[in-house]
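Pasting entry_6.pdb here (PDB, C-alpha atoms):
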MODEL        1
ATOM      1  CA  MET V1451       0.000   0.000   0.000
ATOM      2  CA  ASN V1452       1.563   3.296  -1.014
ATOM      3  CA  ASN V1453       1.816   6.520   0.934
ATOM      4  CA  ILE V1454      -1.133   8.238  -0.794
ATOM      5  CA  ASP V1455      -3.428   5.309   0.009
ATOM      6  CA  GLN V1456      -2.245   5.338   3.624
ATOM      7  CA  ARG V1457      -3.050   9.027   3.882
ATOM      8  CA  LEU V1458      -6.466   8.500   2.303
ATOM      9  CA  LEU V1459      -7.166   5.846   4.937
ATOM     10  CA  ASN V1460      -5.682   7.548   7.966
ATOM     11  CA  ASP V1461      -6.274  11.242   7.426
ATOM     12  CA  TYR V1462      -9.901  11.107   6.340
ATOM     13  CA  GLN V1463     -11.521   8.851   8.921
ATOM     14  CA  HIS V1464     -12.465  12.040  10.680
ATOM     15  CA  GLY V1465     -13.054  15.407   9.131
ATOM     16  CA  PHE V1466     -13.864  14.303   5.601
ATOM     17  CA  PRO V1467     -14.647  17.656   3.952
ATOM     18  CA  LEU V1468     -18.237  18.822   4.261
ATOM     19  CA  SER V1469     -17.979  20.917   1.127
ATOM     20  CA  ALA V1470     -19.537  20.960  -2.332
ATOM     21  CA  ALA V1471     -16.622  19.073  -3.931
ATOM     22  CA  PRO V1472     -14.936  17.124  -1.111
ATOM     23  CA  TYR V1473     -12.894  14.805  -3.327
ATOM     24  CA  ALA V1474     -11.420  17.809  -5.143
ATOM     25  CA  ASP V1475     -10.527  19.326  -1.748
ATOM     26  CA  ILE V1476      -8.787  16.094  -0.710
ATOM     27  CA  ALA V1477      -6.999  15.988  -4.072
ATOM     28  CA  HIS V1478      -5.728  19.494  -3.447
ATOM     29  CA  GLU V1479      -4.466  18.559   0.040
ATOM     30  CA  LEU V1480      -2.682  15.458  -1.242
ATOM     31  CA  GLY V1481      -1.353  17.081  -4.411
ATOM     32  CA  ILE V1482      -3.069  14.661  -6.793
ATOM     33  CA  THR V1483      -6.048  14.957  -9.149
ATOM     34  CA  GLU V1484      -9.689  14.489  -8.181
ATOM     35  CA  ASP V1485      -9.910  11.551 -10.604
ATOM     36  CA  GLU V1486      -7.005   9.871  -8.847
ATOM     37  CA  VAL V1487      -8.693  10.322  -5.437
ATOM     38  CA  LEU V1488     -11.882   8.727  -6.778
ATOM     39  CA  THR V1489     -10.001   5.882  -8.482
ATOM     40  CA  ARG V1490      -7.941   5.124  -5.373
ATOM     41  CA  LEU V1491     -10.978   5.177  -3.086
ATOM     42  CA  GLN V1492     -12.753   2.847  -5.484
ATOM     43  CA  ALA V1493      -9.760   0.465  -5.335
ATOM     44  CA  LEU V1494      -9.618   0.633  -1.503
ATOM     45  CA  LYS V1495     -13.309  -0.198  -1.393
ATOM     46  CA  ALA V1496     -12.926  -3.033  -3.922
ATOM     47  CA  SER V1497     -10.016  -4.564  -1.964
ATOM     48  CA  GLY V1498     -12.043  -4.371   1.250
ATOM     49  CA  ALA V1499      -9.595  -1.992   2.974
ATOM     50  CA  ILE V1500     -12.453   0.425   3.611
ATOM     51  CA  SER V1501     -16.013  -0.682   4.028
ATOM     52  CA  ARG V1502     -17.363   2.730   3.008
ATOM     53  CA  ILE V1503     -16.962   6.477   3.274
ATOM     54  CA  GLY V1504     -19.900   7.779   5.168
ATOM     55  CA  ALA V1505     -21.403   9.012   8.393
ATOM     56  CA  VAL V1506     -20.774   7.114  11.629
ATOM     57  CA  VAL V1507     -23.818   7.583  13.819
ATOM     58  CA  ARG V1508     -23.879   7.512  17.626
ATOM     59  CA  PRO V1509     -25.391   4.270  19.002
ATOM     60  CA  ASN V1510     -29.095   4.334  19.857
ATOM     61  CA  THR V1511     -29.701   7.540  17.914
ATOM     62  CA  ILE V1512     -31.851   5.783  15.388
ATOM     63  CA  GLY V1513     -33.308   2.582  16.695
ATOM     64  CA  VAL V1514     -32.438   0.764  19.894
ATOM     65  CA  SER V1515     -29.625  -1.749  20.056
ATOM     66  CA  THR V1516     -28.117  -4.253  22.441
ATOM     67  CA  LEU V1517     -25.202  -6.659  22.605
ATOM     68  CA  ALA V1518     -26.566 -10.142  23.242
ATOM     69  CA  ALA V1519     -24.958 -13.519  23.846
ATOM     70  CA  ILE V1520     -25.754 -17.211  24.046
ATOM     71  CA  GLN V1521     -23.830 -20.016  25.728
ATOM     72  CA  ALA V1522     -24.015 -22.552  22.907
ATOM     73  CA  PRO V1523     -22.714 -26.131  23.218
ATOM     74  CA  THR V1524     -20.042 -26.724  20.536
ATOM     75  CA  GLU V1525     -22.139 -29.295  18.677
ATOM     76  CA  GLU V1526     -25.096 -26.889  18.580
ATOM     77  CA  LEU V1527     -23.199 -23.746  17.646
ATOM     78  CA  GLU V1528     -23.678 -23.937  13.856
ATOM     79  CA  ARG V1529     -27.412 -24.448  14.144
ATOM     80  CA  ILE V1530     -27.862 -21.676  16.713
ATOM     81  CA  ALA V1531     -25.599 -19.230  14.840
ATOM     82  CA  ALA V1532     -27.556 -19.767  11.621
ATOM     83  CA  ILE V1533     -30.848 -19.021  13.376
ATOM     84  CA  VAL V1534     -29.409 -15.870  14.964
ATOM     85  CA  SER V1535     -27.830 -14.589  11.716
ATOM     86  CA  ALA V1536     -31.110 -15.056   9.861
ATOM     87  CA  PHE V1537     -32.750 -12.289  11.912
ATOM     88  CA  PRO V1538     -32.620  -9.028   9.913
ATOM     89  CA  GLU V1539     -32.256  -7.139  13.226
ATOM     90  CA  VAL V1540     -28.900  -8.881  13.857
ATOM     91  CA  ASN V1541     -26.135  -6.943  12.133
ATOM     92  CA  HIS V1542     -23.041  -8.454  13.781
ATOM     93  CA  ASN V1543     -22.645 -12.051  14.912
ATOM     94  CA  TYR V1544     -19.296 -13.339  16.211
ATOM     95  CA  GLU V1545     -18.060 -16.574  17.660
ATOM     96  CA  ARG V1546     -15.803 -15.813  20.647
ATOM     97  CA  GLU V1547     -13.638 -17.936  22.915
ATOM     98  CA  HIS V1548     -15.548 -18.154  26.167
ATOM     99  CA  ALA V1549     -18.194 -20.380  27.747
ATOM    100  CA  ILE V1550     -20.623 -17.702  26.506
ATOM    101  CA  ASN V1551     -19.459 -18.107  22.922
ATOM    102  CA  LEU V1552     -21.927 -16.502  20.510
ATOM    103  CA  TRP V1553     -22.081 -12.697  20.596
ATOM    104  CA  PHE V1554     -24.322 -10.582  18.410
ATOM    105  CA  VAL V1555     -25.691  -7.064  18.078
ATOM    106  CA  ILE V1556     -29.419  -6.460  17.695
ATOM    107  CA  THR V1557     -30.712  -3.167  16.322
ATOM    108  CA  ALA V1558     -34.456  -2.718  16.580
ATOM    109  CA  ARG V1559     -36.964   0.079  15.991
ATOM    110  CA  ASN V1560     -37.709   0.593  19.671
ATOM    111  CA  ALA V1561     -37.410  -1.099  23.078
ATOM    112  CA  LEU V1562     -40.517  -3.225  22.557
ATOM    113  CA  HIS V1563     -39.296  -4.502  19.197
ATOM    114  CA  ARG V1564     -35.881  -5.271  20.752
ATOM    115  CA  ALA V1565     -37.547  -7.273  23.538
ATOM    116  CA  GLN V1566     -39.566  -9.224  20.943
ATOM    117  CA  VAL V1567     -36.438 -10.075  18.954
ATOM    118  CA  LEU V1568     -34.663 -11.298  22.120
ATOM    119  CA  THR V1569     -37.691 -13.440  23.005
ATOM    120  CA  ASN V1570     -37.946 -14.840  19.463
ATOM    121  CA  ILE V1571     -34.247 -15.748  19.348
ATOM    122  CA  ALA V1572     -34.540 -17.574  22.680
ATOM    123  CA  ALA V1573     -37.665 -19.409  21.478
ATOM    124  CA  GLN V1574     -36.235 -20.420  18.098
ATOM    125  CA  THR V1575     -32.827 -21.519  19.405
ATOM    126  CA  GLY V1576     -34.063 -23.044  22.651
ATOM    127  CA  TYR V1577     -31.309 -21.284  24.605
ATOM    128  CA  ALA V1578     -31.299 -18.405  27.072
ATOM    129  CA  VAL V1579     -30.175 -15.084  25.598
ATOM    130  CA  HIS V1580     -28.167 -12.678  27.755
ATOM    131  CA  SER V1581     -28.678  -9.035  26.859
ATOM    132  CA  PHE V1582     -26.061  -6.385  27.660
ATOM    133  CA  PRO V1583     -27.621  -3.083  26.582
ATOM    134  CA  LEU V1584     -25.391  -0.049  26.501
ATOM    135  CA  GLU V1585     -25.550   1.954  29.723
ATOM    136  CA  ARG V1586     -22.894   4.436  28.797
ATOM    137  CA  ASP V1587     -20.523   5.008  25.889
ATOM    138  CA  PHE V1588     -17.067   6.277  26.868
ATOM    139  CA  HIS V1589     -15.418   6.306  23.489
ATOM    140  CA  ILE V1590     -14.518   9.495  21.711
ATOM    141  CA  ASP V1591     -14.590   8.278  18.149
ATOM    142  CA  LEU V1592     -11.750   9.826  16.235
ATOM    143  CA  GLY V1593     -11.403   6.889  13.906
ATOM    144  CA  PHE V1594      -8.801   4.197  14.232
ATOM    145  CA  GLU V1595      -5.109   4.889  13.911
ATOM    146  CA  LEU V1596      -3.568   2.519  11.404
ATOM    147  CA  LYS V1597       0.137   1.780  11.533
ATOM    148  CA  TRP V1598       2.270   0.482   8.713
ATOM    149  CA  THR V1599       5.593  -1.171   9.355
TER
ATOM    150  CA  MET J 378     -17.081  15.774  24.191
ATOM    151  CA  ASN J 379     -16.616  19.347  25.278
ATOM    152  CA  ARG J 380     -19.021  21.297  27.402
ATOM    153  CA  ARG J 381     -20.390  23.293  24.532
ATOM    154  CA  ALA J 382     -21.233  20.102  22.660
ATOM    155  CA  ASP J 383     -22.901  18.744  25.813
ATOM    156  CA  ILE J 384     -25.158  21.757  26.007
ATOM    157  CA  LYS J 385     -25.914  21.584  22.315
ATOM    158  CA  GLN J 386     -26.799  17.944  22.691
ATOM    159  CA  LEU J 387     -29.344  18.744  25.391
ATOM    160  CA  GLN J 388     -30.898  21.375  23.203
ATOM    161  CA  ALA J 389     -30.831  19.331  20.022
ATOM    162  CA  PRO J 390     -34.296  18.843  18.605
ATOM    163  CA  LEU J 391     -35.338  15.359  17.558
ATOM    164  CA  LEU J 392     -34.371  14.264  14.104
ATOM    165  CA  ASP J 393     -36.931  15.116  11.471
ATOM    166  CA  ALA J 394     -37.831  12.880   8.536
ATOM    167  CA  SER J 395     -35.202  14.448   6.245
ATOM    168  CA  ASP J 396     -32.475  13.901   8.862
ATOM    169  CA  ARG J 397     -33.418  10.253   9.154
ATOM    170  CA  GLN J 398     -33.451   9.784   5.396
ATOM    171  CA  LEU J 399     -30.128  11.541   5.190
ATOM    172  CA  ILE J 400     -28.552   9.245   7.798
ATOM    173  CA  LYS J 401     -29.939   6.269   5.916
ATOM    174  CA  ALA J 402     -28.508   7.559   2.626
ATOM    175  CA  THR J 403     -25.051   8.302   4.073
ATOM    176  CA  GLN J 404     -24.844   5.041   6.032
ATOM    177  CA  ALA J 405     -24.559   3.185   2.756
ATOM    178  CA  GLY J 406     -21.634   5.422   1.817
ATOM    179  CA  LEU J 407     -21.137   8.714   0.042
ATOM    180  CA  PRO J 408     -21.301   8.345  -3.734
ATOM    181  CA  ARG J 409     -17.930   8.700  -5.439
ATOM    182  CA  VAL J 410     -18.924  11.558  -7.721
ATOM    183  CA  ALA J 411     -17.631  15.118  -7.884
ATOM    184  CA  ARG J 412     -20.506  16.564  -5.806
ATOM    185  CA  PRO J 413     -21.609  13.731  -3.499
ATOM    186  CA  TYR J 414     -23.734  15.838  -1.130
ATOM    187  CA  HIS J 415     -25.625  17.300  -4.064
ATOM    188  CA  ALA J 416     -26.150  13.785  -5.444
ATOM    189  CA  ILE J 417     -27.642  12.682  -2.101
ATOM    190  CA  GLY J 418     -29.780  15.825  -2.004
ATOM    191  CA  GLU J 419     -31.167  14.967  -5.422
ATOM    192  CA  GLN J 420     -32.209  11.511  -4.170
ATOM    193  CA  LEU J 421     -33.936  13.036  -1.167
ATOM    194  CA  GLY J 422     -35.462  16.015  -2.930
ATOM    195  CA  ILE J 423     -33.462  18.631  -1.012
ATOM    196  CA  GLY J 424     -30.550  20.817  -2.076
ATOM    197  CA  GLY J 425     -26.865  19.953  -1.645
ATOM    198  CA  GLU J 426     -26.401  22.959   0.636
ATOM    199  CA  GLU J 427     -29.178  21.700   2.890
ATOM    200  CA  VAL J 428     -27.571  18.236   3.003
ATOM    201  CA  MET J 429     -24.311  19.799   4.215
ATOM    202  CA  GLN J 430     -26.075  22.020   6.760
ATOM    203  CA  ARG J 431     -28.025  19.099   8.186
ATOM    204  CA  LEU J 432     -24.908  16.936   8.436
ATOM    205  CA  GLN J 433     -23.023  19.785  10.106
ATOM    206  CA  ARG J 434     -25.808  20.214  12.665
ATOM    207  CA  MET J 435     -25.842  16.482  13.417
ATOM    208  CA  LEU J 436     -22.037  16.529  13.772
ATOM    209  CA  ASP J 437     -22.223  19.524  16.136
ATOM    210  CA  CYS J 438     -24.749  17.870  18.410
ATOM    211  CA  GLY J 439     -23.012  14.482  18.352
ATOM    212  CA  ILE J 440     -25.662  12.463  16.527
ATOM    213  CA  VAL J 441     -23.182  11.957  13.707
ATOM    214  CA  ARG J 442     -19.812  11.172  15.278
ATOM    215  CA  ARG J 443     -17.732  11.590  12.213
ATOM    216  CA  ILE J 444     -17.859  11.571   8.454
ATOM    217  CA  GLY J 445     -15.079   9.706   6.766
ATOM    218  CA  ALA J 446     -13.479   6.497   5.660
ATOM    219  CA  VAL J 447     -14.542   3.465   7.685
ATOM    220  CA  PRO J 448     -11.575   1.084   7.599
ATOM    221  CA  ASN J 449     -12.035  -2.656   7.644
ATOM    222  CA  HIS J 450      -9.673  -3.855  10.372
ATOM    223  CA  TYR J 451      -9.500  -7.406   9.084
ATOM    224  CA  ALA J 452      -8.656  -6.503   5.499
ATOM    225  CA  LEU J 453      -5.893  -4.188   6.753
ATOM    226  CA  GLY J 454      -4.177  -6.944   8.704
ATOM    227  CA  TYR J 455      -5.645  -6.267  12.153
ATOM    228  CA  GLN J 456      -6.820  -9.829  12.414
ATOM    229  CA  ALA J 457      -6.896 -10.238  16.166
ATOM    230  CA  ASN J 458      -9.984  -8.778  17.759
ATOM    231  CA  GLY J 459     -10.300  -9.082  21.503
ATOM    232  CA  MET J 460     -13.313  -7.977  23.480
ATOM    233  CA  SER J 461     -11.715  -7.195  26.840
ATOM    234  CA  VAL J 462     -14.191  -7.146  29.719
ATOM    235  CA  TRP J 463     -13.526  -5.750  33.179
ATOM    236  CA  ASN J 464     -15.087  -5.872  36.603
ATOM    237  CA  VAL J 465     -14.605  -2.398  38.064
ATOM    238  CA  PRO J 466     -16.333  -0.681  40.998
ATOM    239  CA  ASP J 467     -19.628   0.878  39.870
ATOM    240  CA  GLU J 468     -18.927   4.093  41.763
ATOM    241  CA  HIS J 469     -15.790   4.722  39.683
ATOM    242  CA  ILE J 470     -16.920   3.432  36.317
ATOM    243  CA  ALA J 471     -17.487   6.859  34.733
ATOM    244  CA  GLU J 472     -13.979   8.052  35.512
ATOM    245  CA  LEU J 473     -12.337   4.716  34.607
ATOM    246  CA  GLY J 474     -14.424   4.333  31.444
ATOM    247  CA  ARG J 475     -13.349   7.738  30.196
ATOM    248  CA  LYS J 476      -9.682   6.825  30.734
ATOM    249  CA  ILE J 477     -10.029   3.588  28.790
ATOM    250  CA  GLY J 478     -12.176   5.176  26.077
ATOM    251  CA  ALA J 479      -9.452   7.756  25.453
ATOM    252  CA  LEU J 480      -6.848   5.090  24.558
ATOM    253  CA  ALA J 481      -6.050   5.198  20.830
ATOM    254  CA  PHE J 482      -6.092   1.416  20.469
ATOM    255  CA  VAL J 483      -9.544   0.973  22.019
ATOM    256  CA  SER J 484     -12.207   1.154  19.299
ATOM    257  CA  HIS J 485     -15.225   0.923  21.622
ATOM    258  CA  ALA J 486     -15.570   1.371  25.395
ATOM    259  CA  TYR J 487     -18.937   0.748  26.988
ATOM    260  CA  HIS J 488     -20.522   0.367  30.400
ATOM    261  CA  ARG J 489     -22.853  -2.636  30.186
ATOM    262  CA  PRO J 490     -24.751  -4.524  32.902
ATOM    263  CA  ARG J 491     -23.317  -7.491  34.792
ATOM    264  CA  HIS J 492     -25.165 -10.821  34.658
ATOM    265  CA  LEU J 493     -24.308 -12.393  38.000
ATOM    266  CA  PRO J 494     -23.115 -14.945  38.846
ATOM    267  CA  GLU J 495     -21.703 -16.007  35.475
ATOM    268  CA  TRP J 496     -20.833 -12.562  34.156
ATOM    269  CA  PRO J 497     -19.259 -10.140  36.681
ATOM    270  CA  TYR J 498     -17.912  -7.689  34.054
ATOM    271  CA  ASN J 499     -19.345  -4.195  33.609
ATOM    272  CA  LEU J 500     -16.807  -2.420  31.370
ATOM    273  CA  PHE J 501     -16.289  -3.596  27.778
ATOM    274  CA  ALA J 502     -13.319  -2.367  25.707
ATOM    275  CA  MET J 503     -12.704  -3.607  22.156
ATOM    276  CA  VAL J 504      -9.025  -3.993  21.284
ATOM    277  CA  HIS J 505      -7.642  -4.678  17.791
ATOM    278  CA  GLY J 506      -4.171  -5.933  16.931
ATOM    279  CA  LYS J 507      -2.199  -7.661  14.192
ATOM    280  CA  ASP J 508      -2.018 -10.778  16.351
ATOM    281  CA  ARG J 509      -3.038 -12.024  19.781
ATOM    282  CA  ALA J 510       0.254 -11.046  21.382
ATOM    283  CA  GLU J 511      -0.361  -7.416  20.388
ATOM    284  CA  VAL J 512      -3.885  -7.504  21.811
ATOM    285  CA  ASP J 513      -2.584  -9.132  25.021
ATOM    286  CA  ALA J 514       0.045  -6.401  25.406
ATOM    287  CA  LYS J 515      -2.634  -3.719  25.026
ATOM    288  CA  VAL J 516      -4.848  -5.467  27.561
ATOM    289  CA  ARG J 517      -1.925  -5.392  30.029
ATOM    290  CA  GLN J 518      -1.714  -1.633  29.456
ATOM    291  CA  ILE J 519      -5.387  -1.301  30.350
ATOM    292  CA  ALA J 520      -4.851  -3.453  33.465
ATOM    293  CA  ALA J 521      -1.957  -1.225  34.526
ATOM    294  CA  LEU J 522      -4.089   1.859  34.026
ATOM    295  CA  LEU J 523      -6.937   0.441  36.109
ATOM    296  CA  GLY J 524      -4.598  -0.732  38.883
ATOM    297  CA  GLU J 525      -6.490  -1.767  42.013
ATOM    298  CA  SER J 526      -9.819  -0.985  40.355
ATOM    299  CA  ASP J 527      -9.370  -4.104  38.191
ATOM    300  CA  HIS J 528     -11.354  -6.687  40.153
ATOM    301  CA  GLY J 529     -11.006  -9.261  37.395
ATOM    302  CA  HIS J 530     -10.915  -9.275  33.621
ATOM    303  CA  THR J 531     -10.784 -11.571  30.613
ATOM    304  CA  VAL J 532     -10.418 -11.272  26.856
ATOM    305  CA  LEU J 533     -12.817 -12.879  24.411
ATOM    306  CA  PHE J 534     -11.030 -13.315  21.098
ATOM    307  CA  SER J 535     -13.265 -13.639  18.089
ATOM    308  CA  THR J 536     -12.674 -16.867  16.234
ATOM    309  CA  ARG J 537     -15.189 -16.324  13.428
ATOM    310  CA  ILE J 538     -17.279 -13.528  11.997
ATOM    311  CA  LEU J 539     -20.599 -15.174  11.231
ATOM    312  CA  LYS J 540     -22.401 -12.049  10.063
ATOM    313  CA  LYS J 541     -21.404  -8.428   9.637
ATOM    314  CA  THR J 542     -23.591  -5.920   7.860
ATOM    315  CA  GLY J 543     -24.063  -2.200   8.225
ATOM    316  CA  LEU J 544     -26.739  -0.764  10.420
ATOM    317  CA  ARG J 545     -30.156  -1.435   8.963
ATOM    318  CA  LEU J 546     -32.859   1.134   9.359
ATOM    319  CA  SER J 547     -36.471   0.368   8.870
TER
ENDMDL
END
Let me see the structure of the file written as structure tokens.
Amino acid sequence: MNNIDQRLLNDYQHGFPLSAAPYADIAHELGITEDEVLTRLQALKASGAISRIGAVVRPNTIGVSTLAAIQAPTEELERIAAIVSAFPEVNHNYEREHAINLWFVITARNALHRAQVLTNIAAQTGYAVHSFPLERDFHIDLGFELKWT
Amino acid sequence: MNRRADIKQLQAPLLDASDRQLIKATQAGLPRVARPYHAIGEQLGIGGEEVMQRLQRMLDCGIVRRIGAVPNHYALGYQANGMSVWNVPDEHIAELGRKIGALAFVSHAYHRPRHLPEWPYNLFAMVHGKDRAEVDAKVRQIAALLGESDHGHTVLFSTRILKKTGLRLS
């Protein structure tokens, strides 16, 4: 990955220009053309290095979310994970190394809808679902500092 | 967040329909065209200037945290992802949480409820690294920072991503 790509990734996680022609402004700052900025961003997206350029919204601003988890026996994990992932309200689902081994994020329209999804997941999987709703967010999101060696 | 932003947040009116549509449109990603805000405005039936003003207002009041590139940690070689979880005294969690949330290598820091007896942890901090050793070293830094307030912790490494999609809005 060359230096221009690194700067595109690192310098514009925060403070992407809110101007009529933001890519031209970035091009000016990096000393390249607007076309090159667009081409490079397209390539970074295609390679998966960035998932998107867009707005990162504070949790629970739109909709109501929670982190939930199930203690799934190893031989049941695939079946349970498939049921959980099939819910459109589940946007992240990870297997983690712990007795409580399936961790997922539910985003629902409101608290009632969230409670219904939790109940439905428990009913369909046959396992208890722990819910860990956010009580307080301490992170000041300035993006993520990437280091190249 | 500074004090001014705190006050603004208290005064911020609820999002109107255009704000919600705008968040939905930008969540998918800004279009890679010369005038992306104008292109979004055209979709929503509002002007490009209004798109920028609305986004600026939502940035000012903290509803939108940032606008920019969202890197994919895995694709960039940060393949170890450890959810570190900590049991800290409730009366100090605000102060301790702010300290941990300010660390550059922590991507999320949240106070969440305990589920006793099997889950005594109330502070969750997500740590990314190129490998497990790097995550472990960062977790030791957090432990050192918490000192005697660390009443027990563990790290849950992710072994598989089973589903990962952007936020869906309905």
Among the residues V:Ile1571, V:Val1507, V:Ala1496, V:Val1487, the one that comes closest to chain J [using all atoms listed in the file] =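 Distance minimum relative to chain J lands on V:Val1507.
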With the cut-off set at 6 Å and counting only C-alpha atoms, tabulate each residue of chain J with an atom at most that distance from an atom of chain V, showing the nearest atom pair and its distance in Å to one decimal, ordered by chain and increasing number, as JSON lines.
{"residue": "J:Thr403", "atom": "CA", "partner": "V:Gly1504", "partner_atom": "CA", "distance": 5.3}
{"residue": "J:Gln404", "atom": "CA", "partner": "V:Gly1504", "partner_atom": "CA", "distance": 5.7}
{"residue": "J:Gly406", "atom": "CA", "partner": "V:Gly1504", "partner_atom": "CA", "distance": 4.4}
{"residue": "J:Leu407", "atom": "CA", "partner": "V:Gly1504", "partner_atom": "CA", "distance": 5.4}
{"residue": "J:Ala411", "atom": "CA", "partner": "V:Ala1471", "partner_atom": "CA", "distance": 5.7}
{"residue": "J:Arg412", "atom": "CA", "partner": "V:Ala1471", "partner_atom": "CA", "distance": 5.0}
{"residue": "J:Ile440", "atom": "CA", "partner": "V:Arg1508", "partner_atom": "CA", "distance": 5.4}
{"residue": "J:Val441", "atom": "CA", "partner": "V:Val1507", "partner_atom": "CA", "distance": 4.4}
{"residue": "J:Arg442", "atom": "CA", "partner": "V:Val1506", "partner_atom": "CA", "distance": 5.5}
{"residue": "J:Arg443", "atom": "CA", "partner": "V:Val1506", "partner_atom": "CA", "distance": 5.4}
{"residue": "J:Ile444", "atom": "CA", "partner": "V:Ala1505", "partner_atom": "CA", "distance": 4.4}
{"residue": "J:Gly445", "atom": "CA", "partner": "V:Gln1463", "partner_atom": "CA", "distance": 4.2}
{"residue": "J:Ala446", "atom": "CA", "partner": "V:Ile1503", "partner_atom": "CA", "distance": 4.2}
{"residue": "J:Val447", "atom": "CA", "partner": "V:Ile1500", "partner_atom": "CA", "distance": 5.5}
{"residue": "J:Pro448", "atom": "CA", "partner": "V:Ile1500", "partner_atom": "CA", "distance": 4.1}
{"residue": "J:Asn449", "atom": "CA", "partner": "V:Ile1500", "partner_atom": "CA", "distance": 5.1}
{"residue": "J:Ala452", "atom": "CA", "partner": "V:Ala1499", "partner_atom": "CA", "distance": 5.3}
{"residue": "J:Leu453", "atom": "CA", "partner": "V:Ala1499", "partner_atom": "CA", "distance": 5.7}
{"residue": "J:Gly474", "atom": "CA", "partner": "V:Phe1588", "partner_atom": "CA", "distance": 5.6}
{"residue": "J:Arg475", "atom": "CA", "partner": "V:Phe1588", "partner_atom": "CA", "distance": 5.2}
{"residue": "J:Gly478", "atom": "CA", "partner": "V:His1589", "partner_atom": "CA", "distance": 4.3}
{"residue": "J:His485", "atom": "CA", "partner": "V:His1589", "partner_atom": "CA", "distance": 5.7}
{"residue": "J:Ala486", "atom": "CA", "partner": "V:His1589", "partner_atom": "CA", "distance": 5.3}
{"residue": "J:Tyr487", "atom": "CA", "partner": "V:Asp1587", "partner_atom": "CA", "distance": 4.7}
{"residue": "J:His488", "atom": "CA", "partner": "V:Arg1586", "partner_atom": "CA", "distance": 5.0}
{"residue": "J:Arg489", "atom": "CA", "partner": "V:Leu1584", "partner_atom": "CA", "distance": 5.2}
{"residue": "J:Pro490", "atom": "CA", "partner": "V:Phe1582", "partner_atom": "CA", "distance": 5.7}
{"residue": "J:Leu533", "atom": "CA", "partner": "V:Glu1547", "partner_atom": "CA", "distance": 5.3}
{"residue": "J:Phe534", "atom": "CA", "partner": "V:Arg1546", "partner_atom": "CA", "distance": 5.4}
{"residue": "J:Ser535", "atom": "CA", "partner": "V:Arg1546", "partner_atom": "CA", "distance": 4.2}
{"residue": "J:Thr536", "atom": "CA", "partner": "V:Arg1546", "partner_atom": "CA", "distance": 5.5}
{"residue": "J:Arg537", "atom": "CA", "partner": "V:Glu1545", "partner_atom": "CA", "distance": 5.1}
{"residue": "J:Ile538", "atom": "CA", "partner": "V:Tyr1544", "partner_atom": "CA", "distance": 4.7}
{"residue": "J:Leu539", "atom": "CA", "partner": "V:Asn1543", "partner_atom": "CA", "distance": 5.2}
{"residue": "J:Lys540", "atom": "CA", "partner": "V:Asn1543", "partner_atom": "CA", "distance": 4.9}
{"residue": "J:Lys541", "atom": "CA", "partner": "V:His1542", "partner_atom": "CA", "distance": 4.5}
{"residue": "J:Thr542", "atom": "CA", "partner": "V:Asn1541", "partner_atom": "CA", "distance": 5.1}
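One distance worth recording is that between CA of Ile477 (chain J) and CA of His450 (chain J), which is 19.9 Å.
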task = Please measure the separation of CA of Ala402 (chain J) and CA of Ala1477 (chain V), giving the value in Å to one decimal.
result = 24.1 Å
inquiry  = Need the shell around Tyr498 (chain J): protein/DNA/RNA residues with any atom at most 8 Å away, counting all atoms listed in the file. Skip same-chain ones fewer than 2 positions apart. Format as a PyMOL selection string?
reply    = chain J and resi 462-465+490-492+496+500-501+529-530
request  = Give the answer as one residue: which of J:Tyr451, J:Asn458, J:Leu473, J:Arg397 has the shortest atom-to-atom distance to His505 (chain J), using all atoms listed in the file?
outcome  =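 Going through J:Tyr451, J:Asn458, J:Leu473, J:Arg397 one by one, the smallest distance to His505 (chain J) is for J:Asn458.
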ask   = Could you state the separation of CA of Arg1529 (chain V) and CA of Pro497 (chain J) in Å, given to one decimal place?
value = 27.9 Å
Shell of 12 Å around Gly418 (chain J), all atoms listed in the file, local chain residues under 4 positions omitted, as an NGL selection string = (:V and (1470)) or (:J and (395-396 or 398-400 or 402-403 or 407-408 or 412-414 or 422-432))
